[in-house]
file query_25.csv (CSV, C-alpha atoms)
chain,number,residue,atom,x,y,z
A,15,MET,CA,0.0,0.0,0.0
A,16,LYS,CA,2.9,2.4,0.8
A,17,THR,CA,4.4,1.7,-2.6
A,18,VAL,CA,1.1,2.6,-4.3
A,19,ALA,CA,0.8,5.8,-2.2
A,20,LEU,CA,4.3,6.9,-3.0
A,21,GLY,CA,3.7,6.1,-6.7
A,22,LEU,CA,0.6,8.3,-6.7
A,23,VAL,CA,2.4,11.2,-5.1
A,24,LEU,CA,5.3,10.9,-7.6
A,25,LEU,CA,2.8,10.7,-10.5
A,26,ALA,CA,0.9,13.7,-9.2
A,27,MET,CA,4.1,15.6,-8.9
A,28,ALA,CA,5.2,14.7,-12.4
A,29,CYS,CA,1.8,15.6,-13.9
A,30,ALA,CA,1.4,18.9,-11.9
A,31,GLY,CA,3.5,20.7,-14.5
A,32,SER,CA,5.7,23.7,-13.7
A,33,LYS,CA,5.3,25.5,-10.4
A,34,PRO,CA,7.0,28.5,-9.1
A,35,ALA,CA,10.6,27.8,-8.4
A,36,THR,CA,11.6,27.3,-4.8
A,37,SER,CA,15.1,26.2,-5.5
A,38,GLY,CA,16.2,28.7,-8.1
A,39,SER,CA,15.8,26.0,-10.8
A,40,LYS,CA,14.0,26.4,-14.1
A,41,GLY,CA,10.4,26.6,-12.7
A,42,LYS,CA,10.5,23.1,-11.1
A,43,VAL,CA,10.0,22.3,-7.4
A,44,SER,CA,13.1,20.8,-6.0
A,45,ALA,CA,13.1,17.1,-4.9
A,46,MET,CA,14.2,18.2,-1.5
A,47,ASP,CA,11.4,20.7,-1.2
A,48,ALA,CA,8.8,18.2,-2.6
A,49,MET,CA,9.7,15.1,-0.6
A,50,GLY,CA,12.0,16.3,2.2
A,51,LEU,CA,14.9,14.6,3.9
A,52,THR,CA,12.8,12.0,5.7
A,53,PRO,CA,13.1,8.2,6.3
A,54,PRO,CA,11.0,5.6,4.6
A,55,ASP,CA,7.7,4.6,6.2
A,56,SER,CA,9.1,1.2,7.1
A,57,PRO,CA,12.6,0.4,8.4
A,58,TRP,CA,15.1,-0.1,5.6
A,59,GLU,CA,16.0,-3.6,6.7
A,60,GLN,CA,12.3,-4.7,6.7
A,61,MET,CA,11.6,-3.3,3.2
A,62,SER,CA,11.2,-5.8,0.3
A,63,VAL,CA,13.7,-5.6,-2.6
A,64,ALA,CA,10.9,-4.0,-4.8
A,65,ASP,CA,10.1,-1.4,-2.2
A,66,ARG,CA,13.7,-0.5,-1.7
A,67,GLU,CA,14.2,-0.1,-5.5
A,68,PHE,CA,11.1,2.0,-5.8
A,69,TYR,CA,12.2,4.2,-2.8
A,70,MET,CA,15.7,4.6,-4.2
A,71,ILE,CA,14.4,5.5,-7.7
A,72,GLY,CA,11.5,7.7,-6.5
A,73,LYS,CA,13.1,9.5,-3.6
A,74,VAL,CA,16.7,8.9,-2.8
A,75,ASN,CA,18.1,9.3,-6.4
A,76,PRO,CA,16.3,12.6,-7.1
A,77,ILE,CA,17.3,14.1,-3.8
A,78,MET,CA,20.9,12.9,-4.0
A,79,GLN,CA,21.1,14.1,-7.7
A,80,GLU,CA,20.0,17.5,-6.5
A,81,LEU,CA,22.6,17.6,-3.7
A,82,PHE,CA,25.5,16.4,-5.8
A,83,ALA,CA,24.6,18.7,-8.8
A,84,GLY,CA,24.3,21.6,-6.4
A,85,HIS,CA,27.8,20.8,-5.1
A,86,ASP,CA,29.4,20.4,-8.6
A,87,ALA,CA,27.0,20.6,-11.5
A,88,GLU,CA,29.7,19.9,-14.1
A,89,GLU,CA,30.8,16.6,-12.5
A,90,TYR,CA,27.4,15.4,-11.2
A,91,GLY,CA,24.9,16.9,-13.7
A,92,ASP,CA,23.9,13.5,-14.9
A,93,PHE,CA,24.1,11.8,-11.4
A,94,ASP,CA,22.4,8.4,-11.2
A,95,CYS,CA,22.5,5.0,-9.6
A,96,VAL,CA,26.0,4.2,-10.9
A,97,ASP,CA,27.5,7.1,-9.0
A,98,CYS,CA,26.8,5.3,-5.7
A,99,HIS,CA,26.4,1.7,-6.6
A,100,GLY,CA,29.2,1.4,-9.2
A,101,GLU,CA,29.3,0.0,-12.7
A,102,GLU,CA,28.9,-3.5,-11.3
A,103,MET,CA,25.7,-2.6,-9.5
A,104,ARG,CA,23.5,-5.3,-11.2
A,105,GLU,CA,26.1,-8.0,-10.9
A,106,ILE,CA,26.4,-7.4,-7.1
A,107,ASP,CA,22.6,-6.9,-6.6
A,108,PHE,CA,23.1,-3.3,-5.6
A,109,LYS,CA,25.0,-4.4,-2.4
A,110,MET,CA,26.7,-1.7,-0.5
A,111,PRO,CA,29.4,-0.6,-0.1
A,112,ALA,CA,30.1,-0.9,-3.8
A,113,PRO,CA,33.6,-2.4,-4.3
A,114,SER,CA,34.4,0.0,-7.1
A,115,MET,CA,33.8,3.1,-5.1
A,116,TYR,CA,36.6,5.3,-3.8
A,117,ILE,CA,38.2,3.6,-0.8
A,118,VAL,CA,37.9,5.7,2.3
A,119,PRO,CA,40.8,4.8,4.6
A,120,PRO,CA,40.0,4.4,8.3
A,121,GLU,CA,40.1,7.5,10.4
A,122,GLY,CA,43.5,8.3,11.9
A,123,THR,CA,45.5,6.4,9.3
A,124,PRO,CA,48.0,8.1,7.0
A,125,GLY,CA,45.7,7.3,4.1
A,126,HIS,CA,42.8,9.1,5.7
A,127,ARG,CA,45.0,12.1,6.5
A,128,GLY,CA,46.2,12.1,2.9
A,129,MET,CA,42.6,12.0,1.6
A,130,LEU,CA,41.7,14.9,3.9
A,131,SER,CA,44.6,17.1,2.6
A,132,THR,CA,44.1,16.1,-1.1
A,133,PHE,CA,40.3,16.4,-1.2
A,134,PRO,CA,39.2,18.8,1.5
A,135,GLU,CA,36.1,20.2,-0.2
A,136,ALA,CA,34.9,16.8,-1.3
A,137,VAL,CA,35.4,15.3,2.2
A,138,ALA,CA,33.6,18.3,3.8
A,139,PHE,CA,30.7,17.9,1.3
A,140,MET,CA,30.4,14.2,2.0
A,141,GLU,CA,30.7,14.6,5.8
A,142,GLU,CA,28.4,17.6,6.1
A,143,VAL,CA,25.8,16.9,3.4
A,144,VAL,CA,25.8,13.5,1.9
A,145,THR,CA,26.4,11.2,4.8
A,146,PRO,CA,23.8,12.8,7.2
A,147,GLY,CA,21.4,13.2,4.3
A,148,MET,CA,21.7,9.6,3.3
A,149,GLY,CA,21.3,8.5,6.9
A,150,LYS,CA,18.1,10.4,7.2
A,151,LEU,CA,16.8,9.1,3.9
A,152,LEU,CA,17.4,5.5,4.9
A,153,GLY,CA,16.4,6.0,8.6
A,154,ILE,CA,19.8,4.9,9.8
A,155,GLU,CA,21.4,6.7,12.7
A,156,ASN,CA,25.1,7.4,12.6
A,157,TYR,CA,25.4,6.6,8.9
A,158,THR,CA,29.0,6.7,7.9
A,159,CYS,CA,31.1,6.8,4.8
A,160,ALA,CA,31.3,3.0,5.0
A,161,GLY,CA,27.7,2.8,3.9
A,162,CYS,CA,28.8,3.6,0.4
A,163,HIS,CA,32.5,3.4,0.3
A,164,PRO,CA,34.8,0.4,1.2
A,165,SER,CA,37.4,1.1,3.8
A,166,GLU,CA,40.0,-1.2,2.2
A,167,ALA,CA,40.7,-2.7,-1.1
A,168,PRO,CA,38.5,-5.7,-1.9
A,169,LYS,CA,40.1,-8.9,-1.3
A,170,LYS,CA,41.2,-10.6,-4.6
A,171,LYS,CA,39.5,-13.9,-5.1
A,172,LYS,CA,41.8,-16.8,-5.2
A,173,PRO,CA,41.7,-18.5,-8.6
A,174,LYS,CA,39.5,-21.5,-8.4
A,175,LYS,CA,41.2,-24.8,-8.8
A,176,ALA,CA,40.0,-26.9,-11.7
A,177,ALA,CA,36.9,-28.8,-10.6
A,178,ALA,CA,38.5,-32.1,-11.6
A,179,LYS,CA,42.3,-32.3,-11.8
A,180,LYS,CA,43.6,-34.1,-14.7
A,181,ARG,CA,44.2,-37.6,-13.7
A,182,LYS,CA,47.4,-39.2,-14.6
A,183,SER,CA,46.8,-42.0,-17.0
A,184,ALA,CA,47.4,-45.4,-15.6
A,185,LYS,CA,50.7,-46.7,-16.5
A,186,PRO,CA,50.5,-49.5,-18.9
A,187,LYS,CA,51.5,-52.8,-17.4
A,188,GLY,CA,54.4,-54.5,-18.6
call {"tool": "encode", "arguments": {"input": "query_25.csv", "output": "structure tokens"}}
result
Amino acid sequence: MKTVALGLVLLAMACAGSKPATSGSKGKVSAMDAMGLTPPDSPWEQMSVADREFYMIGKVNPIMQELFAGHDAEEYGDFDCVDCHGEEMREIDFKMPAPSMYIVPPEGTPGHRGMLSTFPEAVAFMEEVVTPGMGKLLGIENYTCAGCHPSEAPKKKKPKKAAAKKRKSAKPKG
């Protein structure tokens, strides 16, 4: 029922046409203004895969697209699912953190200090806007960078041994 209600709200918003700008955009109501930074009706962990997908597409993606584009329109103007879930999103069933995302080293490590000095604006944006916003949207308290970013390089899979080793042929008798 919640899925149907959200769908009707989104359909009504889409069909409502242009409205006075509240975000300075081209006559459109911003996703943030329209839907707010609020959690889903049901806890994230209890939502079905279909409800999670619908919520991500209908609410999380438009709001995050707006936030990222507001931070850097040139880089994130075409923000979509791949920007958080990675190119391999379908192969990994949208599991997070996405292995291909930028690795955020653990706090206090030389790697973390290097990241802070190399990307101060990006880190501030992530810490002050993205992480708390995503936590609110998912209804997860103390949401951290590790929700989207790995903290270490993915472990390389060991090559699988051949299912059946070649058997040595029996020595001919004689």
call {"tool": "residues_around", "arguments": {"input": "query_25.csv", "residues": "Met110 in chain A", "least_positions_apart": "3", "cutoff": "8 Å", "atoms": "all atoms listed in the file", "output": "list in words"}}
result
His99, Pro113, Gly161, Cys162 and His163 of chain A
call {"tool": "closest_atom_pairs", "arguments": {"input": "query_25.csv", "of": "range 35-138 of chain A", "to": "range 148-154 of chain A", "cutoff": "9 Å", "atoms": "all atoms listed in the file", "output": "CSV"}}
result
residue,atom,partner,partner_atom,distance
A:Gly50,CA,A:Leu151,CA,8.8
A:Leu51,CA,A:Leu151,CA,5.8
A:Thr52,CA,A:Leu151,CA,5.3
A:Pro53,CA,A:Leu151,CA,4.5
A:Pro54,CA,A:Leu152,CA,6.4
A:Ser56,CA,A:Gly153,CA,8.9
A:Pro57,CA,A:Gly153,CA,6.8
A:Trp58,CA,A:Leu152,CA,6.1
A:Lys73,CA,A:Leu151,CA,8.4
A:Val74,CA,A:Leu151,CA,6.7
A:Met78,CA,A:Met148,CA,8.1
call {"tool": "atom_distance", "arguments": {"input": "query_25.csv", "atom1": "CA of Pro124 in chain A", "atom2": "CA of Gly147 in chain A"}}
result
27.2 Å
call {"tool": "atom_distance", "arguments": {"input": "query_25.csv", "atom1": "CA of Arg66 in chain A", "atom2": "CA of Pro119 in chain A"}}
result
28.3 Å
call {"tool": "residues_around", "arguments": {"input": "query_25.csv", "residues": "Asn75 in chain A", "least_positions_apart": "6", "cutoff": "9 Å", "atoms": "only C-alpha atoms", "output": "PyMOL selection string"}}
result
chain A and resi 69+93-95
call {"tool": "atom_distance", "arguments": {"input": "query_25.csv", "atom1": "CA of Ala112 in chain A", "atom2": "CA of Met49 in chain A"}}
result
26.1 Å
call {"tool": "residues_around", "arguments": {"input": "query_25.csv", "residues": "Ser114 in chain A", "least_positions_apart": "5", "cutoff": "8 Å", "atoms": "only C-alpha atoms", "output": "list in words"}}
result
Gly100, Glu101 and Glu102 of chain A
call {"tool": "closest_residue", "arguments": {"input": "query_25.csv", "among": "A:Ile71, A:Ala64, A:Ile77, A:Cys159", "to": "Ala48 in chain A", "atoms": "only C-alpha atoms"}}
result
A:Ile77
call {"tool": "residues_around", "arguments": {"input": "query_25.csv", "residues": "Glu121 in chain A", "least_positions_apart": "5", "cutoff": "10 Å", "atoms": "all atoms listed in the file", "output": "VMD selection string"}}
result
chain A and resid 126 to 127 130 165
call {"tool": "closest_residue", "arguments": {"input": "query_25.csv", "among": "A:Met103, A:Phe68, A:Gly125, A:Phe82", "to": "Met140 in chain A", "atoms": "all atoms listed in the file"}}
result
A:Phe82
call {"tool": "closest_residue", "arguments": {"input": "query_25.csv", "among": "A:Phe133, A:Phe139, A:Glu155, A:Thr145", "to": "Ala83 in chain A", "atoms": "only C-alpha atoms"}}
result
A:Phe139
call {"tool": "residues_around", "arguments": {"input": "query_25.csv", "residues": "Pro164 in chain A", "least_positions_apart": "5", "cutoff": "8 Å", "atoms": "all atoms listed in the file", "output": "ChimeraX atom specification"}}
result
/A:111-113,115-118
call {"tool": "closest_residue", "arguments": {"input": "query_25.csv", "among": "A:Gly84, A:Met129, A:Val96, A:Phe108", "to": "Val144 in chain A", "atoms": "only C-alpha atoms"}}
result
A:Gly84
call {"tool": "closest_residue", "arguments": {"input": "query_25.csv", "among": "A:Cys98, A:Ala45, A:Ala87, A:Ile106", "to": "Gly72 in chain A", "atoms": "all atoms listed in the file"}}
result
A:Ala45
